[in-house]
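A quick write-up on the structure given underneath.
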Amino acid sequence: MKLVPFVIIVCGSIYISRAKFTECDLDLEDPLLFARLPAECQNLDDASKALMLEESEAFRTFHDKLLGYEAAQGKDTEDGAYMDMKFRSELYGGVDIYLCLTIDESLAEYVKCLTEKRQLMIGIIDAKMQSV
């Protein structure tokens with residue numbers, strides 16, 4: 001399981017690199033993982049740092065909700081936690097989170113977009129959990 005945070009950082013960095021802004025997981029607890037973040041994340045001004053911490057918290061809330069939904073499915077295996085990739089694809093596509101990648105006005109607008117889209121996804125997850 002120690003590999004999971006590293007994989008998330010690498011995959012997230014590749015995915016997010018398509019955006020105009022670099023996302024920084026400033027809430028990482030392991031200094032070695034934090035040191036692997038892009039150079040742009042190492043020397044942020046206070047305003048940008050606050051936005052990135054806000055974005056990290058919004059992602060954590062969404063991710064915890066998603067993992068809770070998947071765990072409730074009771075399909076974990078010996079190899080690890082169950083990930084409902086079809087649902088994840090529908091979830092991300094359903095709220096058009098990819099539109100956030102087109103924002104280049106400001107970091108604040110970009111973070112606002114991501115946060116709002118994740119709130120929509122949390123609502124979808126909640127509805128799905130109630131219907132099961």
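So you can find residues: chains in the structure tokens are A, B, ... in the order shown, residues in each start at 1, and ligands are numbered from 1 in order.
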
Run DSSP on the backbone and give me the residues of segment 81-131 of chain A it puts in helix (DSSP H, G or I), as an mmCIF file with N, CA and C atoms, in the first residue's frame.
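part_1.cif, written as the output of this step:
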```
data_model
loop_
_atom_site.group_PDB
_atom_site.id
_atom_site.type_symbol
_atom_site.label_atom_id
_atom_site.label_comp_id
_atom_site.auth_asym_id
_atom_site.auth_seq_id
_atom_site.Cartn_x
_atom_site.Cartn_y
_atom_site.Cartn_z
ATOM 1 N N MET A 85 -14.253 1.271 -11.882
ATOM 2 C CA MET A 85 -13.740 2.151 -12.927
ATOM 3 C C MET A 85 -14.850 2.659 -13.849
ATOM 4 N N LYS A 86 -15.877 1.858 -14.080
ATOM 5 C CA LYS A 86 -16.988 2.308 -14.911
ATOM 6 C C LYS A 86 -17.706 3.470 -14.220
ATOM 7 N N PHE A 87 -17.972 3.314 -12.924
ATOM 8 C CA PHE A 87 -18.639 4.379 -12.179
ATOM 9 C C PHE A 87 -17.768 5.627 -12.124
ATOM 10 N N ARG A 88 -16.469 5.450 -11.910
ATOM 11 C CA ARG A 88 -15.557 6.598 -11.863
ATOM 12 C C ARG A 88 -15.577 7.356 -13.193
ATOM 13 N N SER A 89 -15.543 6.635 -14.276
ATOM 14 C CA SER A 89 -15.570 7.270 -15.591
ATOM 15 C C SER A 89 -16.878 8.042 -15.798
ATOM 16 N N GLU A 90 -17.988 7.417 -15.436
ATOM 17 C CA GLU A 90 -19.278 8.086 -15.551
ATOM 18 C C GLU A 90 -19.345 9.311 -14.633
ATOM 19 N N LEU A 91 -18.765 9.180 -13.459
ATOM 20 C CA LEU A 91 -18.783 10.261 -12.481
ATOM 21 C C LEU A 91 -18.032 11.482 -12.997
ATOM 22 N N TYR A 92 -16.797 11.269 -13.436
ATOM 23 C CA TYR A 92 -15.985 12.377 -13.945
ATOM 24 C C TYR A 92 -16.589 12.962 -15.229
ATOM 25 N N GLY A 93 -17.034 12.094 -16.110
ATOM 26 C CA GLY A 93 -17.626 12.564 -17.354
ATOM 27 C C GLY A 93 -18.964 13.252 -17.145
ATOM 28 N N GLY A 94 -19.729 12.771 -16.185
ATOM 29 C CA GLY A 94 -21.058 13.309 -15.926
ATOM 30 C C GLY A 94 -21.058 14.754 -15.447
ATOM 31 N N ILE A 97 -15.754 17.407 -15.440
ATOM 32 C CA ILE A 97 -14.638 17.969 -14.679
ATOM 33 C C ILE A 97 -13.489 18.357 -15.607
ATOM 34 N N TYR A 98 -13.458 17.748 -16.763
ATOM 35 C CA TYR A 98 -12.390 18.030 -17.720
ATOM 36 C C TYR A 98 -12.451 19.471 -18.242
ATOM 37 N N LEU A 99 -13.616 20.088 -18.124
ATOM 38 C CA LEU A 99 -13.736 21.486 -18.543
ATOM 39 C C LEU A 99 -12.847 22.398 -17.696
ATOM 40 N N CYS A 100 -12.563 21.988 -16.479
ATOM 41 C CA CYS A 100 -11.683 22.793 -15.619
ATOM 42 C C CYS A 100 -10.296 22.935 -16.244
ATOM 43 N N LEU A 101 -9.915 21.962 -17.044
ATOM 44 C CA LEU A 101 -8.588 21.999 -17.675
ATOM 45 C C LEU A 101 -8.469 23.129 -18.696
ATOM 46 N N THR A 102 -9.594 23.677 -19.112
ATOM 47 C CA THR A 102 -9.553 24.754 -20.110
ATOM 48 C C THR A 102 -9.439 26.137 -19.473
ATOM 49 N N LEU A 107 -5.639 31.037 -11.092
ATOM 50 C CA LEU A 107 -5.589 29.840 -10.265
ATOM 51 C C LEU A 107 -6.851 29.741 -9.412
ATOM 52 N N ALA A 108 -7.349 30.871 -8.926
ATOM 53 C CA ALA A 108 -8.556 30.873 -8.096
ATOM 54 C C ALA A 108 -9.756 30.323 -8.874
ATOM 55 N N GLU A 109 -9.902 30.697 -10.138
ATOM 56 C CA GLU A 109 -11.003 30.198 -10.959
ATOM 57 C C GLU A 109 -10.857 28.697 -11.211
ATOM 58 N N TYR A 110 -9.642 28.265 -11.438
ATOM 59 C CA TYR A 110 -9.360 26.856 -11.675
ATOM 60 C C TYR A 110 -9.719 26.021 -10.441
ATOM 61 N N VAL A 111 -9.278 26.467 -9.274
ATOM 62 C CA VAL A 111 -9.568 25.748 -8.026
ATOM 63 C C VAL A 111 -11.067 25.773 -7.746
ATOM 64 N N LYS A 112 -11.722 26.898 -8.003
ATOM 65 C CA LYS A 112 -13.168 27.005 -7.810
ATOM 66 C C LYS A 112 -13.887 25.983 -8.677
ATOM 67 N N CYS A 113 -13.470 25.866 -9.919
ATOM 68 C CA CYS A 113 -14.076 24.904 -10.836
ATOM 69 C C CYS A 113 -13.922 23.480 -10.301
ATOM 70 N N LEU A 114 -12.706 23.112 -9.921
ATOM 71 C CA LEU A 114 -12.466 21.764 -9.407
ATOM 72 C C LEU A 114 -13.292 21.494 -8.162
ATOM 73 N N THR A 115 -13.339 22.457 -7.267
ATOM 74 C CA THR A 115 -14.078 22.291 -6.013
ATOM 75 C C THR A 115 -15.569 22.121 -6.281
ATOM 76 N N GLU A 116 -16.118 22.933 -7.173
ATOM 77 C CA GLU A 116 -17.544 22.824 -7.502
ATOM 78 C C GLU A 116 -17.859 21.487 -8.171
ATOM 79 N N LYS A 117 -17.001 21.050 -9.075
ATOM 80 C CA LYS A 117 -17.231 19.774 -9.760
ATOM 81 C C LYS A 117 -17.169 18.615 -8.773
ATOM 82 N N ARG A 118 -16.252 18.696 -7.837
ATOM 83 C CA ARG A 118 -16.143 17.616 -6.837
ATOM 84 C C ARG A 118 -17.363 17.595 -5.928
ATOM 85 N N GLN A 119 -17.916 18.766 -5.615
ATOM 86 C CA GLN A 119 -19.141 18.811 -4.818
ATOM 87 C C GLN A 119 -20.282 18.139 -5.572
ATOM 88 N N LEU A 120 -20.354 18.375 -6.870
ATOM 89 C CA LEU A 120 -21.372 17.707 -7.689
ATOM 90 C C LEU A 120 -21.184 16.194 -7.654
ATOM 91 N N MET A 121 -19.928 15.749 -7.738
ATOM 92 C CA MET A 121 -19.659 14.313 -7.715
ATOM 93 C C MET A 121 -20.020 13.707 -6.365
ATOM 94 N N ILE A 122 -19.781 14.437 -5.287
ATOM 95 C CA ILE A 122 -20.171 13.953 -3.959
ATOM 96 C C ILE A 122 -21.682 13.765 -3.911
ATOM 97 N N GLY A 123 -22.426 14.700 -4.488
ATOM 98 C CA GLY A 123 -23.880 14.567 -4.552
ATOM 99 C C GLY A 123 -24.315 13.330 -5.323
ATOM 100 N N ILE A 124 -23.637 13.054 -6.417
ATOM 101 C CA ILE A 124 -23.945 11.862 -7.220
ATOM 102 C C ILE A 124 -23.651 10.597 -6.421
ATOM 103 N N ILE A 125 -22.516 10.588 -5.731
ATOM 104 C CA ILE A 125 -22.151 9.420 -4.915
ATOM 105 C C ILE A 125 -23.183 9.214 -3.809
ATOM 106 N N ASP A 126 -23.568 10.306 -3.137
ATOM 107 C CA ASP A 126 -24.572 10.201 -2.075
ATOM 108 C C ASP A 126 -25.879 9.624 -2.615
ATOM 109 N N ALA A 127 -26.318 10.116 -3.773
ATOM 110 C CA ALA A 127 -27.557 9.615 -4.381
ATOM 111 C C ALA A 127 -27.425 8.131 -4.728
ATOM 112 N N LYS A 128 -26.282 7.761 -5.256
ATOM 113 C CA LYS A 128 -26.051 6.360 -5.624
ATOM 114 C C LYS A 128 -26.075 5.460 -4.382
ATOM 115 N N MET A 129 -25.482 5.945 -3.291
ATOM 116 C CA MET A 129 -25.447 5.158 -2.060
ATOM 117 C C MET A 129 -26.852 4.989 -1.480
ATOM 118 N N GLN A 130 -27.689 5.985 -1.611
ATOM 119 C CA GLN A 130 -29.050 5.897 -1.093
ATOM 120 C C GLN A 130 -29.924 4.972 -1.931
ATOM 121 N N SER A 131 -29.570 4.837 -3.200
ATOM 122 C CA SER A 131 -30.380 3.989 -4.081
ATOM 123 C C SER A 131 -29.978 2.518 -4.001
#
```

Near segment 23-32 of chain A, within 7 Å and counting only C-alpha atoms, which residues show up once chain neighbours fewer than 5 positions away are dropped, as a compact mmCIF listing (two decimals) with C-alpha atoms, in the first residue's frame?
```txt
# COMPACT_ATOMS: atom_id res chain seq x y z
CA ILE A 16 -3.03 17.54 -14.45
CA LEU A 37 6.16 17.42 -6.47
CA CYS A 41 4.95 23.54 -5.87
CA MET A 52 -3.75 24.58 -3.19
CA LEU A 53 -4.52 23.57 0.39
CA SER A 56 -6.30 19.36 -1.55
```

### Query
atom CA of Asp84 of chain A and atom CA of His63 of chain A are how many Å apart?
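Straight-line distance from atom CA of Asp84 of chain A to atom CA of His63 of chain A works out to 12.9 Å.
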
### Message
I'd like the interatomic distance between atom CA of Ala50 of chain A and atom CA of Val95 of chain A, to a tenth of an Å.
### Response
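So the answer is 24.9 Å.
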
### Summary
What separates atom CA of Leu33 of chain A and atom CA of Lys65 of chain A is a distance of 23.4 Å
